[in-house]
Structures are given as C-alpha cells and as structure tokens.
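This is final13.txt. It holds compact mmCIF, C-alpha atoms.
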# COMPACT_ATOMS: atom_id res chain seq x y z
CA MET A 12 72.20 79.90 101.88
CA LYS A 13 75.99 80.13 101.65
CA LYS A 14 76.00 82.19 104.86
CA ILE A 15 74.23 79.42 106.73
CA ILE A 16 76.56 76.73 105.34
CA CYS A 17 79.72 78.68 106.26
CA PHE A 18 78.43 79.43 109.74
CA SER A 19 77.32 75.81 110.28
CA ILE A 20 80.72 74.40 109.31
CA PHE A 21 82.47 76.77 111.73
CA LEU A 22 80.01 75.97 114.54
CA ILE A 23 80.40 72.20 114.05
CA PHE A 24 84.20 72.54 114.16
CA CYS A 25 84.09 74.60 117.33
CA LEU A 26 81.51 72.49 119.14
CA SER A 27 83.30 69.25 118.27
CA SER A 28 86.21 70.44 120.41
CA SER A 29 83.97 71.38 123.32
CA GLY A 30 85.47 68.67 125.55
CA GLN A 31 88.62 70.73 126.00
CA SER A 32 88.84 72.62 129.28
CA ASN A 33 91.26 75.25 127.94
CA ARG A 34 88.86 76.95 125.53
CA ILE A 35 86.59 79.95 125.81
CA PHE A 36 83.49 80.67 123.70
CA GLY A 37 82.36 84.23 123.05
CA VAL A 38 80.28 86.55 120.92
CA LYS A 39 81.25 89.95 119.56
CA GLY A 40 79.82 92.76 117.51
CA GLY A 41 80.05 96.43 116.77
CA LEU A 42 80.74 99.12 114.20
CA ASN A 43 82.66 98.54 110.98
CA LEU A 44 84.29 101.20 108.82
CA THR A 45 85.34 99.81 105.44
CA PHE A 46 87.68 101.79 103.23
CA PHE A 47 87.50 101.07 99.50
CA LYS A 48 90.24 102.19 97.16
CA ILE A 49 89.51 101.33 93.56
CA ASP A 50 92.39 101.82 91.14
CA GLU A 51 91.00 102.93 87.80
CA SER A 52 93.54 102.67 84.98
CA ASN A 53 93.47 106.22 83.61
CA PHE A 54 91.21 107.96 86.09
CA GLY A 55 93.32 107.87 89.28
CA SER A 56 92.08 106.77 92.68
CA ASN A 57 88.49 106.75 93.80
CA PRO A 58 88.49 106.18 97.58
CA GLY A 59 85.29 105.62 99.49
CA THR A 60 84.20 104.72 103.01
CA GLU A 61 81.18 102.73 104.14
CA ILE A 62 79.86 102.40 107.69
CA GLY A 63 78.28 99.13 108.71
CA TYR A 64 77.99 96.58 111.46
CA TYR A 65 79.41 93.17 112.32
CA GLY A 66 78.61 90.32 114.65
CA GLY A 67 79.75 86.80 115.23
CA VAL A 68 81.29 84.15 117.43
CA TYR A 69 84.78 83.11 118.47
CA PHE A 70 86.65 80.44 120.37
CA ASP A 71 89.86 80.95 122.29
CA PHE A 72 92.10 77.86 122.57
CA GLU A 73 94.78 78.33 125.24
CA ILE A 74 98.29 77.16 124.37
CA ASP A 75 99.99 78.44 127.51
CA GLU A 76 99.42 81.21 130.06
CA VAL A 77 99.96 84.10 127.62
CA LEU A 78 99.49 82.54 124.16
CA SER A 79 96.37 81.19 122.47
CA ILE A 80 94.74 80.61 119.07
CA GLN A 81 91.47 82.45 118.44
CA PRO A 82 89.42 81.59 115.33
CA GLU A 83 86.40 83.80 114.66
CA ILE A 84 83.56 84.00 112.20
CA LEU A 85 81.97 87.41 111.68
CA TYR A 86 79.11 88.50 109.46
CA ILE A 87 79.67 92.01 108.10
CA GLY A 88 76.96 94.16 106.60
CA LEU A 89 77.57 97.44 104.74
CA ASN A 90 74.34 98.57 103.13
CA ASP A 91 73.84 96.02 100.32
CA PHE A 92 77.43 94.73 100.59
CA GLN A 93 77.79 91.65 102.81
CA PHE A 94 80.56 89.20 103.59
CA ILE A 95 81.91 86.70 106.08
CA ASN A 96 85.25 87.47 107.78
CA ALA A 97 86.95 84.43 109.36
CA PRO A 98 90.28 85.36 110.97
CA ILE A 99 92.54 82.88 112.71
CA TYR A 100 94.50 84.84 115.30
CA VAL A 101 97.58 84.12 117.31
CA LYS A 102 96.72 85.91 120.56
CA TYR A 103 99.33 87.21 122.99
CA GLU A 104 98.47 88.52 126.47
CA VAL A 105 100.60 91.68 126.89
CA THR A 106 99.29 92.41 130.40
CA LYS A 107 96.50 90.95 132.53
CA ASN A 108 93.81 92.94 130.69
CA LEU A 109 95.39 93.67 127.28
CA ASP A 110 95.71 91.23 124.37
CA ILE A 111 97.22 91.64 120.89
CA MET A 112 96.14 89.38 118.02
CA VAL A 113 97.51 88.94 114.52
CA GLY A 114 96.74 86.53 111.72
CA PRO A 115 95.28 85.90 108.30
CA SER A 116 91.58 86.12 107.58
CA ILE A 117 89.60 84.29 104.96
CA ASN A 118 86.79 86.38 103.55
CA HIS A 119 83.83 85.33 101.47
CA PHE A 120 82.15 88.21 99.63
CA PHE A 121 78.55 87.49 98.66
CA ASP A 122 77.66 90.10 96.04
CA PHE A 123 80.60 92.35 95.24
CA PHE A 124 83.47 90.48 93.58
CA THR A 125 83.64 87.92 90.81
CA ASN A 126 86.29 86.02 92.78
CA LYS A 127 84.38 85.79 96.03
CA LEU A 128 87.16 84.39 98.26
CA LYS A 129 89.85 86.80 99.46
CA ILE A 130 92.71 86.50 101.96
CA ARG A 131 93.48 89.52 104.13
CA ALA A 132 95.70 90.27 107.11
CA ASP A 133 94.24 91.23 110.49
CA LEU A 134 95.76 93.06 113.44
CA SER A 135 93.65 93.38 116.58
CA THR A 136 93.77 94.36 120.22
CA ALA A 137 91.34 93.72 123.05
CA TYR A 138 91.05 95.29 126.49
CA ASN A 139 89.32 93.06 129.04
CA MET A 140 87.09 95.37 131.09
CA THR A 141 85.80 92.43 133.21
CA SER A 142 86.29 88.67 133.15
CA HIS A 143 83.42 88.46 130.64
CA ILE A 144 83.39 91.76 128.68
CA ASP A 145 86.05 93.21 126.40
CA ILE A 146 86.30 96.16 124.08
CA HIS A 147 88.23 95.45 120.90
CA LEU A 148 89.69 97.22 117.90
CA LYS A 149 90.89 95.51 114.73
CA TYR A 150 92.21 96.55 111.36
CA THR A 151 92.04 94.35 108.26
CA LEU A 152 94.27 94.92 105.27
CA GLY A 153 93.34 93.75 101.77
CA PHE A 154 95.99 92.89 99.19
CA GLU A 155 94.15 93.19 95.88
CA GLU A 156 93.55 95.92 93.31
CA ILE A 157 90.08 96.57 94.71
CA THR A 158 91.06 96.73 98.36
CA PRO A 159 88.50 96.79 101.13
CA ASN A 160 90.42 97.62 104.30
CA GLY A 161 88.40 97.77 107.48
CA LEU A 162 88.42 99.15 110.99
CA PHE A 163 86.28 97.29 113.54
CA ILE A 164 85.33 98.73 116.95
CA GLY A 165 83.14 96.70 119.25
CA LEU A 166 82.35 94.72 122.36
CA GLY A 167 82.81 91.05 123.11
CA TYR A 168 81.25 88.78 125.71
CA ARG A 169 82.94 85.57 126.94
CA PHE A 170 80.84 82.74 128.38

Written as structure tokens, that's how I'd like the structure from this file.
Amino acid sequence: MKKIICFSIFLIFCLSSSGQSNRIFGVKGGLNLTFFKIDESNFGSNPGTEIGYYGGVYFDFEIDEVLSIQPEILYIGLNDFQFINAPIYVKYEVTKNLDIMVGPSINHFFDFFTNKLKIRADLSTAYNMTSHIDIHLKYTLGFEEITPNGLFIGLGYRF
C-alpha cells in the first residue's frame, strides 16, 4: 500500500506540471547490484552482494541548454528486499549524447530497516543512443552503519 501511495504522490506532482513545454517524461529499468556491508561490533565486516532489478519513471525539467533537474522514482527489488529510490538529479549535458547527473536520493525501505527512510548520494551518467533511448549507469552511496550501496545498469526511454 505504501508503494502505491509514494508512486501516486510522485505521479501527481509530475503530471501537475505537464503544461510546461521544457520537460521530458521517460521510463527506465534494468539490473541492480546492491552491496551490503554490515559492521558487526566484534566480528569484523560481513560484506554481501545481491542482484536484483529496478524500474520506474522520471521527468527532465530543462533549465537551460545544458542544465536540467531530473527527479525519478524507482522501485527496486532484491529477492525479498524491496525499496523505493527517489533521486533528484542536477543533470549536465557534457556532449550532445552524454549526460552526468548528481544529487541526493530519498529511499524508503519496506521490510529491512527499523528506520525505513534513508538519504543517500547518487552519481549517474547516461549515453543517449537515439533521441528516445539511452543507456545509463548510476552508483548510490549509503551513509549509515548498515550501508546498501548500489550499482544500476539499464535502459531508458523518453516519450
């Protein structure tokens, strides 16, 4: 139920600004590698990696010819571990087909943590293969004792 509420709020926000001509709507998805490093007081580190999937939507709000703001909402599934990743990127067009994005991400973890809301940092790049299709790579960095860092590799489609 929380997934539907979070997604609905994001969708309402994005669609309410649909009168703007300088915005782009898209979908994206792909493979997610999440790296867990759990610090255990006397037992040392216990790193682990999970492979999963992600999918979601994004809007791109143009500020000028090379700079834009790109909020996203992604659903991530890793076996029984699920969460919503909602980054807000500042996007810079390095060349005609290559973009770099950086920004914070708000994450809501459904079943794993007691404190379900976490803030992480995201760094991403996207290569525009056509005017509608891109391939992207992003890395998320967690800041807490139990730190799920993630590597995302996928495709996006702009409408």

> Which polymer residues have any atom within 8 Å of an atom of Leu148 (chain A), counting all atoms listed in the file, with same-chain residues fewer than 3 positions away left out, as a PyMOL selection string?
Replying inline: chain A and resi 135-137+162-165

> Mind pulling up the distance from CA of Asp133 (chain A) to CA of Pro98 (chain A)?
Replying inline: 7.1 Å

> Quick one: residues within 12 Å of Asn90 (chain A), all atoms listed in the file counted, chain neighbours fewer than 5 positions away excluded, as a list in words?
Replying inline: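 The filter keeps Asn43, Leu44, Thr45, Thr60, Glu61, Ile62, Gly63, Tyr64, Tyr65, Asp122 and Phe123 of chain A.
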
> So how many Å separate CA of Ser142 (chain A) and CA of Arg169 (chain A), to one decimal?
Replying inline: 7.7 Å
